[in-house]
Every structure is written in structure tokens, then in C-alpha cells.
Amino acid sequence: MINIFIFIEKKMQAFIQLILKLLGIVRDDVLQDDPLSKNFDYDSYNKRRQYLEDNYIDLKADFPKTGIRSTIYRSKPAIFSENEVVKIAENILHFQNPDGGWSKKGNYRNKYSKSQLQKIYEQPSNSDYERDGSDFDNGCTWGHIEYLSRVYDLTADEVILDAIKKALRFIVKSQHPNGSWENKNHRHITYNDNVIPGVLNLLLSIQKNKYGRYTYLEDISEELDLETVYRKGIDCILSTQIKHEGKKAIWGQQHDHDTLEPTWARSYEMPSYATSESVKVINLLKNHLDYYPEDKEVRESWLSAIEFIYSLKLPEGQGDPDGDGQWARFYELDSLKPIFANREYDIVYSIEEVKRERRYGYSWFNNSAYQIIE
């Protein structure tokens, strides 16, 4: 219900801003108070664009496989090709919020005019023009860091490095005392959409610096004490692992910050054992053990989770009726029955009871457990 009120409030704000714009009324107070607004100096931008053209006009690279790959791949109109990574990176810099993070909005393969860039920088938030608050959902922020890091490898560009460091500071600042991160829409400990596993995999990669890719971040890593930040995140995972009949099982999509128990997010995402989200956690723990094989607590958690998730595999013919998914996305906490839901918070026990819009608009079954690293 709270989410509905927030949605209505945002739409009302956007409507009011549109009316004021049509009437020619400038809302300087909104721009000044808006935490997302940034100053935009077009002359300085032009100099930087010229610098990029002079130095990297012919530079092309294979598309970086990062957390925001799908976002960039879907961007339309696709003015820049996927391997024009420097031009894409420059667009990513435009959309970085003042706090250092990124939202799910932004067309990184578009070529923007001066007026369009002005809007990106100065139009108030809660509008519909590619502006929104920073997030970790669907690769946001940690995925942007991954992408920019690969471009920095090619260019050693200081502006890109500054953006990466600013984003890392945002990640550290956004961590809750219990070691978790959350997405912007649901204020809970969030495993859904790879929020916590995505952040922690990035931090682990930076710390361990495999192949020497993150040597240039050693100073900021020490300054921010990323090792401690990472460990707090791992401890959060251990503390939120659900137990079934006294034995460690897997995780929910999201957990309450106070009780650490699974909780509701959207009206069709209920407290439950969540398989696809737990697979990402399991693989993160395996990555952790590659560097910390002596960590007995994590190893116990990892092995218990693998055993439990494979116990949930549905028999042939009882999985996805429209495909070959052998795991339901959600399982009831007590009975371990596959469960589903409509938008009205009503839990049902058969996919046939899910209304058409939700039945085909959500991934109710999956084979993600086959992706577990063993």
C-alpha cells in the first residue's frame, strides 16, 4: 500500500512540473533542492568531447560483459555501436548522479544534443525524462563501475577514474549497519535482481585484483576499507540464511532489516524460499571460498544451500507447463510447496490460478540451479 502512495505522489509531482513548464514558470527552487540536479557546463563538455575524439576516435573494443550489459544492449535508438565503448562510457558519465550512483534510466547508446544534455543535468527528478535516484537493482552502480573500469583499462582517463571512485564511495555509504544493500523501490535487505551478490562480487574482485585489473584502485580500496565492507556483506548473507527444520537452507528475495526474516516486496513477491536469487548468493559464496578456503562458516553455508536447493527440484512434468523449468521461483516456508501470486497479495498454489497478465509477465519457473558452480 505504501508503494502505491509513493507511485501516486511521484506522478502528481511530474504532472505539476509539466503544467508549470507549459505555463513557462521556472521552478528554480525545485532545481536547487533536487538532490539529483547537477551543474552543466556545455563548453567544458565540448572540450572533453574533443579530447576523446582526438585520442580515442579509432578505439573500439569488444563489448564488456558487465552487470549493465542488458541495459546497454536494449538502448534505442542505437546510434553508437556496442563496441564504441568510449562513447558509451561518456554517456554513462552524464547519467551519474551527484551522490555517485546510477539509476535504471538512461540511454547510453544515444547521441545527445545540447538541449537534451541540459535536460539530463537540470530537469527535476521524478520527471519522466531519464532521471531517477541511484539504485543497485539490475546491475545499477556496481555494473556501471565494472563497465567504466574496463574502459579505464583502455584509456587511463582520469575523469573516468574519478567517477569510479565516487561510485565506490556511494556503495560504502549506502551499506546498512547489518551489512546489506537494498534497491530503491523496496526498503529491505535485497537479493532480488542481484543487488547484494552483484555488489559483493565487485568488491571481492577489486580486493583480490585478479589479473592486476584493479591496481589503480588500491588507494581508494584502503581509504574506504573495502575489505571490512565486503566482510560485513558476507556476514549479512550468513545471518539471513533461512533454516528449515533446524538446518540451513537458502534465502528469500528480500529480508526485513530488523528481524532478518523473509518479507514481502511487490504484491506478487512473497516471503518464501527464492531459488533464482539464492543461486546468485550460492555462486558468490563459491567465489569467496576460492580466495578464503579456510572460511568454515561460509563453506557450511554454501554446502547446505546447494543440498537444499537441489532438494526442491520438481519431478518431470511438474515444472513449468510452458517450458522446461524444473524449479519454481518461490517455495512456501513451511510446506515447501511451490507458490505463486497475483497483484493482490493473494498466494495461490498453481500457476493456472495466476491471472494471465502476471502468469506471462514474470518468471515463475527457472533452471538457475544448474548454474551453481561446483
# chains A, B, ... in the order shown; residues from 1 in each chain; ligands from 1
call {"tool": "residues_around", "arguments": {"residues": "range 239-256 of chain A", "least_positions_apart": "2", "cutoff": "9 Å", "atoms": "only C-alpha atoms", "output": "MDAnalysis selection string"}}
result
chainID A and resid 182 186:193 234:237 258:265 269:279 281:282 300:301 304:309 330 333:334
call {"tool": "residues_around", "arguments": {"residues": "range 153-162 of chain A", "least_positions_apart": "2", "cutoff": "9 Å", "atoms": "only C-alpha atoms", "output": "JSON, numbers by chain"}}
result
{"A": [55, 56, 59, 61, 86, 89, 90, 93, 148, 149, 150, 151, 164, 165, 166, 167, 213, 214, 216, 217]}
call {"tool": "select_by_dssp", "arguments": {"residues": "range 131-309 of chain A", "states": "strand (DSSP E or B)", "output": "PDB file with C-alpha atoms, in the first residue's frame"}}
result
ATOM      1  CA  ASP A 135      19.997   2.206  -7.277  1.00  0.00           C
ATOM      2  CA  ILE A 189      17.741  -6.446   2.513  1.00  0.00           C
ATOM      3  CA  THR A 190      17.672  -7.284  -1.186  1.00  0.00           C
ATOM      4  CA  LYS A 243      16.663 -22.542   8.355  1.00  0.00           C
ATOM      5  CA  HIS A 244      14.307 -25.409   7.571  1.00  0.00           C
ATOM      6  CA  LYS A 247      19.153 -26.871   9.112  1.00  0.00           C
ATOM      7  CA  LYS A 248      20.469 -24.063   6.950  1.00  0.00           C
ATOM      8  CA  GLN A 254      14.245  -9.763   0.386  1.00  0.00           C
ATOM      9  CA  HIS A 255      14.585  -9.804   4.181  1.00  0.00           C
ATOM     10  CA  PRO A 262      11.955 -13.010   4.547  1.00  0.00           C
ATOM     11  CA  TYR A 273      12.495 -19.643  -0.372  1.00  0.00           C
ATOM     12  CA  ALA A 274      13.612 -17.926  -3.579  1.00  0.00           C
TER      13      ALA A 274
END
call {"tool": "select_by_dssp", "arguments": {"residues": "range 117-303 of chain A", "states": "helix (DSSP H, G or I)", "output": "number ranges by chain"}}
result
A: 117-122, 137-139, 142-155, 158-174, 192-208, 210-212, 215-224, 226-240, 275-291, 296-303
call {"tool": "closest_residue", "arguments": {"among": "A:Ser44, A:Thr215, A:Thr141, A:Ser37", "to": "Val195 in chain A", "atoms": "only C-alpha atoms"}}
result
A:Thr141
call {"tool": "atom_distance", "arguments": {"atom1": "CA of Asn366 in chain A", "atom2": "CA of Lys313 in chain A"}}
result
10.1 Å
call {"tool": "closest_residue", "arguments": {"among": "A:Asn287, A:Ser81, A:Ser174, A:Ser311", "to": "Lys60 in chain A", "atoms": "only C-alpha atoms"}}
result
A:Ser81
call {"tool": "atom_distance", "arguments": {"atom1": "CA of Leu285 in chain A", "atom2": "CA of Gly139 in chain A"}}
result
18.6 Å
call {"tool": "residues_around", "arguments": {"residues": "range 103-113 of chain A", "least_positions_apart": "3", "cutoff": "6 Å", "atoms": "only C-alpha atoms", "output": "list in words"}}
result
Ser75, Ala78, Ile79, Phe80, Ile88, Asn91, Gln116, Glu130, Asp132, Gly133, Ser134 and Asp135 of chain A
call {"tool": "residues_around", "arguments": {"residues": "range 220-225 of chain A", "least_positions_apart": "2", "cutoff": "8 Å", "atoms": "only C-alpha atoms", "output": "list in words"}}
result
Lys165, Arg169, Val172, Ile206, Gln207, Leu217, Glu218, Glu227, Thr228 and Val229 of chain A
call {"tool": "write_last_selection", "arguments": {"atoms": "N, CA and C atoms", "output": "compact mmCIF listing (two decimals), in the first residue's frame"}}
result
# COMPACT_ATOMS: atom_id res chain seq x y z
N LYS A 165 35.68 6.13 -8.48
CA LYS A 165 35.93 6.34 -7.05
C LYS A 165 34.70 6.94 -6.37
N ARG A 169 32.49 5.21 -3.28
CA ARG A 169 32.13 5.90 -2.03
C ARG A 169 30.62 5.80 -1.79
N VAL A 172 29.78 2.31 -0.39
CA VAL A 172 30.13 2.19 1.03
C VAL A 172 29.14 2.96 1.89
N ILE A 206 37.78 -6.31 -6.73
CA ILE A 206 38.68 -5.18 -6.50
C ILE A 206 39.73 -5.53 -5.45
N GLN A 207 39.30 -6.18 -4.38
CA GLN A 207 40.25 -6.54 -3.32
C GLN A 207 41.32 -7.51 -3.81
N LEU A 217 43.02 1.01 -8.11
CA LEU A 217 42.05 1.27 -7.05
C LEU A 217 42.58 0.88 -5.67
N GLU A 218 43.85 0.56 -5.57
CA GLU A 218 44.40 0.14 -4.27
C GLU A 218 44.26 1.23 -3.22
N GLU A 227 37.71 -4.11 2.37
CA GLU A 227 37.77 -5.46 2.92
C GLU A 227 36.75 -5.64 4.04
N THR A 228 36.64 -4.63 4.92
CA THR A 228 35.66 -4.68 6.00
C THR A 228 34.24 -4.57 5.46
N VAL A 229 34.05 -3.69 4.49
CA VAL A 229 32.72 -3.53 3.87
C VAL A 229 32.27 -4.85 3.28
call {"tool": "residues_around", "arguments": {"residues": "Glu53 in chain A", "least_positions_apart": "4", "cutoff": "12 Å", "atoms": "only C-alpha atoms", "output": "ChimeraX atom specification"}}
result
/A:46-49,57-59,84,86-87,90
call {"tool": "write_last_selection", "arguments": {"atoms": "C-alpha atoms", "output": "short mmCIF file (atom, residue, chain, number, x, y, z; two decimals), in the first residue's frame"}}
result
data_model
loop_
_atom_site.label_atom_id
_atom_site.label_comp_id
_atom_site.auth_asym_id
_atom_site.auth_seq_id
_atom_site.Cartn_x
_atom_site.Cartn_y
_atom_site.Cartn_z
CA ASN A 46 32.74 20.23 -25.66
CA LYS A 47 36.42 20.38 -24.74
CA ARG A 48 36.23 16.91 -23.23
CA ARG A 49 34.40 15.55 -26.26
CA ILE A 57 38.44 8.22 -32.21
CA ASP A 58 39.54 4.85 -33.60
CA LEU A 59 39.38 2.91 -30.36
CA GLU A 84 32.19 2.07 -29.26
CA VAL A 86 34.46 5.16 -25.04
CA LYS A 87 31.40 6.97 -26.41
CA GLU A 90 30.98 9.19 -21.84
#
call {"tool": "closest_residue", "arguments": {"among": "A:Lys280, A:Arg266, A:Arg329, A:Lys173", "to": "Phe365 in chain A", "atoms": "only C-alpha atoms"}}
result
A:Arg329
call {"tool": "atom_distance", "arguments": {"atom1": "CA of Glu297 in chain A", "atom2": "CA of Leu202 in chain A"}}
result
21.4 Å
call {"tool": "closest_residue", "arguments": {"among": "A:Tyr310, A:Tyr331, A:Tyr268, A:Tyr291", "to": "Glu357 in chain A", "atoms": "only C-alpha atoms"}}
result
A:Tyr268
